[in-house]
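Worksheet for the structure shown next.
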Amino acid sequence: MIQVEGTPSWQERRVRLMNRWHARRAAHARPATGFVSRPEPRTIGTLSRGRQFVAGNFLFAGHLVEAPDTMIWDIAMPSPRFEEEVHGFRWLDDLAAVGTTAARQRAQAWTWGWIDRFGRGTGAGWQPGLTGRRLIRWINHAIFLLHGRDSASSQAFFSSLGAQTIYLGRRWQNAPPGMARFEALTGLIYAGLALTGMEGHVEPAVKALARECVREIDAGGGLPTRNPEELLEVFTLLIWAAQALIETGHDPEPEHEDAIVRIAPTLRALRHADGGLARFHGGGRGVDGWLDHALGASGIRPEHQNGLAMGFARLAGGRTTVIVDAALPPSGDASINAHASTLAFELTSGRRPVVVNCGPGATFGETWRRAGRATPSHSTLGIDGFSSSRLGVVGLGRGRRGEVLYDIPRDVRAQPSSGPRAVRLLVGHDGYAATHGLTHVRQLTLSRDGRELTGEDTLGALTEVDRKTLQRRMAGAQFHGVAFSIRFHLHPDVDATLDMGGHAVSLTLKSGEIWVFRHGGPGRLALEPSVYLEPGRLKPRATRQIVLSGRVVESACQMNWTLAKAQDTPQAIRDVVQFADDDL
């Protein structure tokens, strides 16, 4: 792989220069003077985060800056990601959720502070994706922001909105395909519909959004990144854009509406029993209630999803859901945030996550981001010291670079089936064939009542070429075998203890449910430390993982295991979840 140095490339510098040049040109263009129609807020903030901002506690990208009574733009930005999040103005949703006079005063001071300091084309915020995100927030919360402001302040506000709209009309094509471009185009549609004199931007943006829907959203309602949370964000943007168009007497393009229809059943299939999303490929579970709110706003009736959803298989029984990464990982540009998680699964019982993946670590810095992407951070089998896909830094064009997946599995096969007593999934990948001559095959069986998940993991050499590769690897290890580990990362709220003389693990959930993990075969069972990487917190949460380890000493090795509710655990338990979102 081509390694790219940490200093910006000439192409990156050129893109930044052009962004600033167009931003400065837009600042001198004819400004907007007001709203065509009164905008209604659609974005949803978090009350606890808004209160933290009012108190002067700024948590972005894993960094906490405590600066009471300080203008947000006076903070020493601890990282580029922190600075970009501040310039994106999502914090405005949180301040609006608080809605007090103090929250409004801060929102107004920080918004007009941005206009004064950066409104003429300077700062990190002049990127098409960030500009679209910022426009959506300013328009959504315009009534909140303009309350009590004088005419000069209002004029400055609308002038800046107009300049950002003109800039976006010229530069949206330079947003990277995917989430950033969807944000840019949705912001442009919002502004074109809402602001006087900006109507000419609507039709080109609507047609461009339709083209992006065709290019980025496949026939099954999935994205190339295979990131469930990103899919939810795109779905939300498409709904907002469609609602804004319909409310102003415009019709969304058929491709736009079709994309919403395709995505809705895919998101339902990626929804755990507790209402959160499966955490794969850089995505988190989403803000509580966001998924259900978006699905309700779409107006699309639930339909049964046959086969895989964006490459994920869903097993459901009783109050239990199991979601499995059962397809090829993303590749190329789409894999910048992707994980080596092939065949990993998550299990949720009712409102309680039980088996999880470590999650996205980007908000805690580059070290955690890389660690979270590796196979050992997922609930699957991995050969010790190796991931099923490898990481490498490459230039991506358009002034971007990133660490993409390469040397990925070439063949991933999934075969779901169902019977009167259970639902099953047989899935396998060849991600270790080139290095070790081994293929991982996993069979998962979930009982219809959701009380028992049975697993069978096999690591074997399937062809003569594979057996020769394995023999070379074995010789290099002095024929001690190929060491592997099957990991089951547990949610931090699960209390795990070794039981039955170290041959089982008892898992107690806060709901009162008790699950028991057992295994068969020669493997060694252990409880080891783990982490739960949850965006919005100051640091990773400590938790534990069940590790079942063994060695391939011949041409194959198989491990059998079960995760089942204890016999005295009732089928249904009254469970009230208390959200401690103030606990950072």
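Ligands are numbered from 1 in the order shown, residues from 1 within each chain, and chains are lettered A, B, ... in the order they appear in the structure tokens.
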Show me, as a short mmCIF file (atom, residue, chain, number, x, y, z; two decimals) with N, CA, C and O atoms, in the first residue's frame, the residues that have an atom within 9 Å of region 353-359 of chain A when counting only C-alpha atoms, minus same-chain residues fewer than 3 positions from it.
```cif
data_model
loop_
_atom_site.label_atom_id
_atom_site.label_comp_id
_atom_site.auth_asym_id
_atom_site.auth_seq_id
_atom_site.Cartn_x
_atom_site.Cartn_y
_atom_site.Cartn_z
N HIS A 272 -32.15 -3.35 16.55
CA HIS A 272 -32.18 -4.33 17.63
C HIS A 272 -33.50 -4.23 18.40
O HIS A 272 -34.26 -3.27 18.24
N ALA A 273 -33.72 -5.18 19.26
CA ALA A 273 -34.95 -5.22 20.05
C ALA A 273 -35.11 -3.99 20.95
O ALA A 273 -36.23 -3.61 21.31
N ASP A 274 -33.98 -3.35 21.34
CA ASP A 274 -34.05 -2.18 22.22
C ASP A 274 -34.25 -0.88 21.45
O ASP A 274 -34.27 0.20 22.05
N ALA A 278 -27.57 -1.71 15.04
CA ALA A 278 -26.39 -2.56 15.14
C ALA A 278 -25.15 -1.68 14.93
O ALA A 278 -25.14 -0.81 14.07
N ARG A 279 -24.11 -1.92 15.72
CA ARG A 279 -22.92 -1.06 15.72
C ARG A 279 -21.82 -1.71 14.88
O ARG A 279 -21.01 -2.50 15.37
N PHE A 280 -21.78 -1.34 13.60
CA PHE A 280 -20.81 -1.91 12.68
C PHE A 280 -20.23 -0.80 11.79
O PHE A 280 -20.88 0.21 11.52
N HIS A 281 -19.01 -1.02 11.32
CA HIS A 281 -18.37 -0.21 10.29
C HIS A 281 -18.38 1.29 10.59
O HIS A 281 -18.68 2.12 9.73
N GLY A 282 -18.06 1.62 11.83
CA GLY A 282 -17.91 3.01 12.22
C GLY A 282 -19.18 3.65 12.73
O GLY A 282 -19.16 4.83 13.10
N GLY A 283 -20.28 2.92 12.77
CA GLY A 283 -21.54 3.48 13.23
C GLY A 283 -21.85 3.11 14.66
O GLY A 283 -21.50 2.02 15.13
N GLY A 284 -22.54 4.01 15.37
CA GLY A 284 -23.03 3.73 16.71
C GLY A 284 -24.49 3.31 16.69
O GLY A 284 -25.06 3.10 15.63
N SER A 341 -14.79 -6.75 10.53
CA SER A 341 -15.79 -7.36 11.41
C SER A 341 -16.54 -8.52 10.78
O SER A 341 -17.61 -8.90 11.27
N ALA A 344 -18.91 -11.13 12.59
CA ALA A 344 -19.18 -10.70 13.96
C ALA A 344 -20.68 -10.54 14.16
O ALA A 344 -21.44 -10.30 13.21
N PHE A 345 -21.13 -10.67 15.42
CA PHE A 345 -22.55 -10.52 15.71
C PHE A 345 -22.76 -9.71 16.98
O PHE A 345 -21.86 -9.55 17.81
N GLU A 346 -23.97 -9.18 17.12
CA GLU A 346 -24.43 -8.54 18.35
C GLU A 346 -25.74 -9.18 18.75
O GLU A 346 -26.55 -9.57 17.89
N LEU A 347 -25.97 -9.29 20.06
CA LEU A 347 -27.20 -9.89 20.58
C LEU A 347 -27.81 -8.96 21.61
O LEU A 347 -27.12 -8.48 22.52
N THR A 348 -29.10 -8.70 21.47
CA THR A 348 -29.85 -7.87 22.41
C THR A 348 -31.05 -8.67 22.91
O THR A 348 -31.74 -9.33 22.13
N SER A 349 -31.27 -8.60 24.21
CA SER A 349 -32.42 -9.27 24.83
C SER A 349 -33.37 -8.21 25.38
O SER A 349 -33.03 -7.49 26.34
N GLY A 350 -34.53 -8.08 24.75
CA GLY A 350 -35.47 -7.04 25.17
C GLY A 350 -34.84 -5.67 25.01
O GLY A 350 -34.40 -5.28 23.93
N GLY A 372 -10.46 -0.03 17.38
CA GLY A 372 -11.86 -0.40 17.21
C GLY A 372 -12.16 -1.05 15.87
O GLY A 372 -13.15 -1.77 15.73
N ARG A 373 -11.31 -0.83 14.87
CA ARG A 373 -11.53 -1.38 13.54
C ARG A 373 -10.99 -2.81 13.39
O ARG A 373 -11.34 -3.50 12.45
N SER A 377 -11.65 -6.56 18.18
CA SER A 377 -12.63 -5.68 18.82
C SER A 377 -14.06 -6.05 18.47
O SER A 377 -14.98 -5.30 18.80
N HIS A 378 -14.24 -7.20 17.86
CA HIS A 378 -15.57 -7.64 17.43
C HIS A 378 -15.87 -9.04 17.96
O HIS A 378 -14.96 -9.80 18.26
N SER A 379 -17.14 -9.34 18.04
CA SER A 379 -17.58 -10.62 18.58
C SER A 379 -17.58 -11.67 17.47
O SER A 379 -18.63 -12.03 16.92
N PHE A 488 -16.44 -12.66 22.62
CA PHE A 488 -17.81 -12.23 22.85
C PHE A 488 -17.73 -11.01 23.78
O PHE A 488 -17.66 -11.15 25.00
N HIS A 489 -17.70 -9.82 23.19
CA HIS A 489 -17.61 -8.60 23.98
C HIS A 489 -18.97 -8.33 24.63
O HIS A 489 -20.01 -8.43 23.98
N LEU A 490 -18.95 -7.97 25.88
CA LEU A 490 -20.17 -7.78 26.65
C LEU A 490 -20.45 -6.29 26.88
O LEU A 490 -19.51 -5.49 27.03
N HIS A 491 -21.72 -5.94 26.91
CA HIS A 491 -22.10 -4.56 27.22
C HIS A 491 -21.68 -4.22 28.65
O HIS A 491 -21.71 -5.10 29.53
N PRO A 492 -21.29 -2.97 28.92
CA PRO A 492 -20.84 -2.63 30.28
C PRO A 492 -21.87 -2.88 31.38
O PRO A 492 -21.49 -3.04 32.55
N ASP A 493 -23.16 -2.92 31.03
CA ASP A 493 -24.19 -3.15 32.04
C ASP A 493 -24.38 -4.63 32.36
O ASP A 493 -25.21 -4.97 33.21
N VAL A 494 -23.65 -5.50 31.69
CA VAL A 494 -23.75 -6.95 31.95
C VAL A 494 -22.75 -7.32 33.03
O VAL A 494 -21.56 -7.01 32.93
N LEU A 507 -24.13 -14.49 33.05
CA LEU A 507 -24.32 -13.08 32.68
C LEU A 507 -25.61 -12.59 33.29
O LEU A 507 -26.69 -13.11 32.99
N LEU A 509 -28.17 -9.46 33.66
CA LEU A 509 -28.55 -8.18 33.08
C LEU A 509 -29.24 -7.32 34.12
O LEU A 509 -29.78 -7.82 35.11
N SER A 530 -12.26 -5.64 28.48
CA SER A 530 -12.61 -5.12 27.17
C SER A 530 -13.04 -3.67 27.34
O SER A 530 -13.02 -3.12 28.46
N VAL A 531 -13.41 -3.03 26.26
CA VAL A 531 -13.88 -1.65 26.30
C VAL A 531 -15.14 -1.52 25.44
O VAL A 531 -15.35 -2.29 24.50
N TYR A 532 -15.95 -0.53 25.76
CA TYR A 532 -17.13 -0.20 24.99
C TYR A 532 -16.96 1.24 24.52
O TYR A 532 -16.92 2.17 25.34
N LEU A 533 -16.78 1.42 23.22
CA LEU A 533 -16.49 2.72 22.64
C LEU A 533 -17.80 3.39 22.24
O LEU A 533 -18.43 3.03 21.24
N GLU A 534 -18.20 4.36 23.04
CA GLU A 534 -19.52 4.98 22.88
C GLU A 534 -19.35 6.48 22.62
O GLU A 534 -18.91 7.22 23.51
N PRO A 535 -19.66 6.95 21.41
CA PRO A 535 -19.55 8.38 21.12
C PRO A 535 -20.38 9.20 22.11
O PRO A 535 -21.46 8.79 22.53
N GLN A 545 -15.01 -9.29 28.29
CA GLN A 545 -15.29 -10.13 27.13
C GLN A 545 -15.06 -11.59 27.50
O GLN A 545 -14.16 -11.92 28.28
#
```
**Study point:** Nearest-residue call for Thr363 (chain A), choices A:Ser79, A:Gln105, A:Thr122, A:Ser37, using only C-alpha atoms
**Key:**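 Ranking A:Ser79, A:Gln105, A:Thr122, A:Ser37 by distance to Thr363 (chain A), first place goes to A:Ser79.
Between CA of Met500 (chain A) and CA of Val516 (chain A) the separation is 10.5 Å.
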Practice item. Write out as an NGL selection string the residues lying within 9 Å of Thr458 (chain A), counting only C-alpha atoms and excluding same-chain residues fewer than 3 positions away. Key: :A and (439-443 or 556-560)
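Across the model, the gap from CA of Lys539 (chain A) to CA of Lys510 (chain A) is 22.3 Å.
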Exercise for review: Could you please determine the separation between CA of Trp172 (chain A) and CA of Gly132 (chain A) in Å, to one decimal place?
Suggested key: 8.7 Å
Revision key, fill the gap. Nearest to Pro254 (chain A), restricted to only C-alpha atoms and choosing among A:Arg211, A:Thr435, A:Ser331, A:His503, comes out as A:Arg211
**Study point:** Pick from A:Glu303, A:Glu554, A:Asp333, A:Glu199, whichever lies nearest to Tyr406 (chain A) using only C-alpha atoms
**Key:**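 Looking at the shortest contact to Tyr406 (chain A), the residue is A:Asp333.
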Exercise for review: Rank nothing, just name the residue among A:Leu232, A:Val553, A:Leu498, A:Ala422 nearest to Thr445 (chain A), using only C-alpha atoms.
Suggested key: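 Result for the nearest residue to Thr445 (chain A): A:Ala422.
Using only C-alpha atoms for every distance, the candidate list A:Ile166, A:Thr196, A:Val98, A:Trp114 yields A:Thr196 as the residue closest to Gly34 (chain A).
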Point to revise | From A:Ala264, A:Glu403, A:Arg134, A:Gly536, residue lying nearest Gly286 (chain A) [only C-alpha atoms] | key: A:Gly536
Exercise for review: Write down as a PyMOL selection string the residues of region 330-575 of chain A whose backbone DSSP state falls under alpha helix (DSSP H).
Suggested key: chain A and resi 366-373+433-436+464-476
Residues from the last selection, C-alpha atoms, saved as a compact mmCIF listing (two decimals), in the first residue's frame:
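Result file is part_17.txt:
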```
# COMPACT_ATOMS: atom_id res chain seq x y z
CA GLU A 366 -6.56 7.78 16.27
CA THR A 367 -5.24 4.97 18.48
CA TRP A 368 -8.72 3.98 19.62
CA ARG A 369 -10.06 4.42 16.11
CA ARG A 370 -7.57 1.88 14.73
CA ALA A 371 -8.09 -0.50 17.63
CA GLY A 372 -11.86 -0.40 17.21
CA ARG A 373 -11.53 -1.38 13.54
CA ALA A 433 -6.86 -18.22 3.37
CA ALA A 434 -4.02 -16.21 1.83
CA THR A 435 -2.05 -15.90 5.09
CA HIS A 436 -2.85 -19.20 6.83
CA GLU A 464 -5.08 -28.59 -1.39
CA VAL A 465 -3.60 -25.12 -1.90
CA ASP A 466 -4.98 -24.08 1.50
CA ARG A 467 -3.52 -27.16 3.16
CA LYS A 468 -0.07 -26.39 1.75
CA THR A 469 -0.31 -22.80 2.99
CA LEU A 470 -1.33 -24.08 6.41
CA GLN A 471 1.57 -26.52 6.50
CA ARG A 472 4.04 -23.71 5.77
CA ARG A 473 2.49 -21.61 8.53
CA MET A 474 2.60 -24.58 10.93
CA ALA A 475 6.26 -25.21 10.13
CA GLY A 476 7.04 -21.58 10.88
```
Practice item. Find the residues near region 136-147 of chain A: any atom within 6 Å, counting only C-alpha atoms, skip ones fewer than 5 places away on the same chain, and give them as a list in words. Key: Glu40, Pro41, Gln108 and Gly187 of chain A
Exercise for review: Would you mind listing what lies within 9 Å of Gly431 (chain A) as an NGL selection string, with only C-alpha atoms counted and same-chain residues fewer than 4 positions away left out?
Suggested key: :A and (342 or 387-389 or 407-412 or 435 or 438-440)
Test item: residues at most 10 Å from Phe60 (chain A), only C-alpha atoms, excluding those fewer than 5 positions along its chain, as a PDB file with N, CA and C atoms, in the first residue's frame:
```pdb
ATOM      1  N   VAL A  65     -13.442  20.302  26.876  1.00  0.00           N
ATOM      2  CA  VAL A  65     -12.842  21.594  27.215  1.00  0.00           C
ATOM      3  C   VAL A  65     -13.800  22.287  28.174  1.00  0.00           C
ATOM      4  N   MET A  77      -8.781  24.932  20.044  1.00  0.00           N
ATOM      5  CA  MET A  77      -9.312  23.691  19.499  1.00  0.00           C
ATOM      6  C   MET A  77      -8.284  22.565  19.647  1.00  0.00           C
ATOM      7  N   PRO A  78      -8.618  21.486  20.384  1.00  0.00           N
ATOM      8  CA  PRO A  78      -7.628  20.440  20.644  1.00  0.00           C
ATOM      9  C   PRO A  78      -7.349  19.509  19.474  1.00  0.00           C
ATOM     10  N   SER A  79      -8.219  19.501  18.453  1.00  0.00           N
ATOM     11  CA  SER A  79      -7.983  18.618  17.309  1.00  0.00           C
ATOM     12  C   SER A  79      -8.779  19.139  16.113  1.00  0.00           C
ATOM     13  N   ARG A  81     -10.748  17.450  14.208  1.00  0.00           N
ATOM     14  CA  ARG A  81     -12.103  16.882  14.264  1.00  0.00           C
ATOM     15  C   ARG A  81     -12.983  17.682  15.233  1.00  0.00           C
ATOM     16  N   PHE A  82     -12.425  18.077  16.368  1.00  0.00           N
ATOM     17  CA  PHE A  82     -13.137  18.916  17.334  1.00  0.00           C
ATOM     18  C   PHE A  82     -13.581  20.215  16.650  1.00  0.00           C
ATOM     19  N   GLU A  83     -12.648  20.843  15.939  1.00  0.00           N
ATOM     20  CA  GLU A  83     -12.948  22.122  15.294  1.00  0.00           C
ATOM     21  C   GLU A  83     -14.033  21.974  14.233  1.00  0.00           C
ATOM     22  N   GLU A  84     -13.972  20.900  13.449  1.00  0.00           N
ATOM     23  CA  GLU A  84     -14.990  20.696  12.419  1.00  0.00           C
ATOM     24  C   GLU A  84     -16.372  20.488  13.038  1.00  0.00           C
ATOM     25  N   GLU A  85     -16.441  19.741  14.137  1.00  0.00           N
ATOM     26  CA  GLU A  85     -17.738  19.530  14.774  1.00  0.00           C
ATOM     27  C   GLU A  85     -18.307  20.840  15.305  1.00  0.00           C
ATOM     28  N   VAL A  86     -17.456  21.704  15.839  1.00  0.00           N
ATOM     29  CA  VAL A  86     -17.931  22.993  16.324  1.00  0.00           C
ATOM     30  C   VAL A  86     -18.476  23.821  15.162  1.00  0.00           C
ATOM     31  N   TRP A  91     -24.414  21.502  17.733  1.00  0.00           N
ATOM     32  CA  TRP A  91     -24.669  21.921  19.109  1.00  0.00           C
ATOM     33  C   TRP A  91     -25.868  22.859  19.207  1.00  0.00           C
ATOM     34  N   THR A 363     -13.929   9.054  18.083  1.00  0.00           N
ATOM     35  CA  THR A 363     -14.062  10.202  18.977  1.00  0.00           C
ATOM     36  C   THR A 363     -13.044  10.183  20.107  1.00  0.00           C
ATOM     37  N   PHE A 364     -12.327   9.078  20.279  1.00  0.00           N
ATOM     38  CA  PHE A 364     -11.337   8.976  21.349  1.00  0.00           C
ATOM     39  C   PHE A 364      -9.905   9.052  20.821  1.00  0.00           C
ATOM     40  N   PRO A 535     -19.659   6.950  21.409  1.00  0.00           N
ATOM     41  CA  PRO A 535     -19.551   8.383  21.120  1.00  0.00           C
ATOM     42  C   PRO A 535     -20.381   9.201  22.107  1.00  0.00           C
ATOM     43  N   GLY A 536     -19.848  10.357  22.463  1.00  0.00           N
ATOM     44  CA  GLY A 536     -20.546  11.208  23.418  1.00  0.00           C
ATOM     45  C   GLY A 536     -20.017  11.093  24.828  1.00  0.00           C
ATOM     46  N   ARG A 537     -19.116  10.147  25.071  1.00  0.00           N
ATOM     47  CA  ARG A 537     -18.501  10.010  26.387  1.00  0.00           C
ATOM     48  C   ARG A 537     -17.057  10.497  26.345  1.00  0.00           C
ATOM     49  N   LEU A 538     -16.550  10.784  27.546  1.00  0.00           N
ATOM     50  CA  LEU A 538     -15.189  11.307  27.633  1.00  0.00           C
ATOM     51  C   LEU A 538     -14.141  10.258  27.354  1.00  0.00           C
TER      52      LEU A 538
END
```
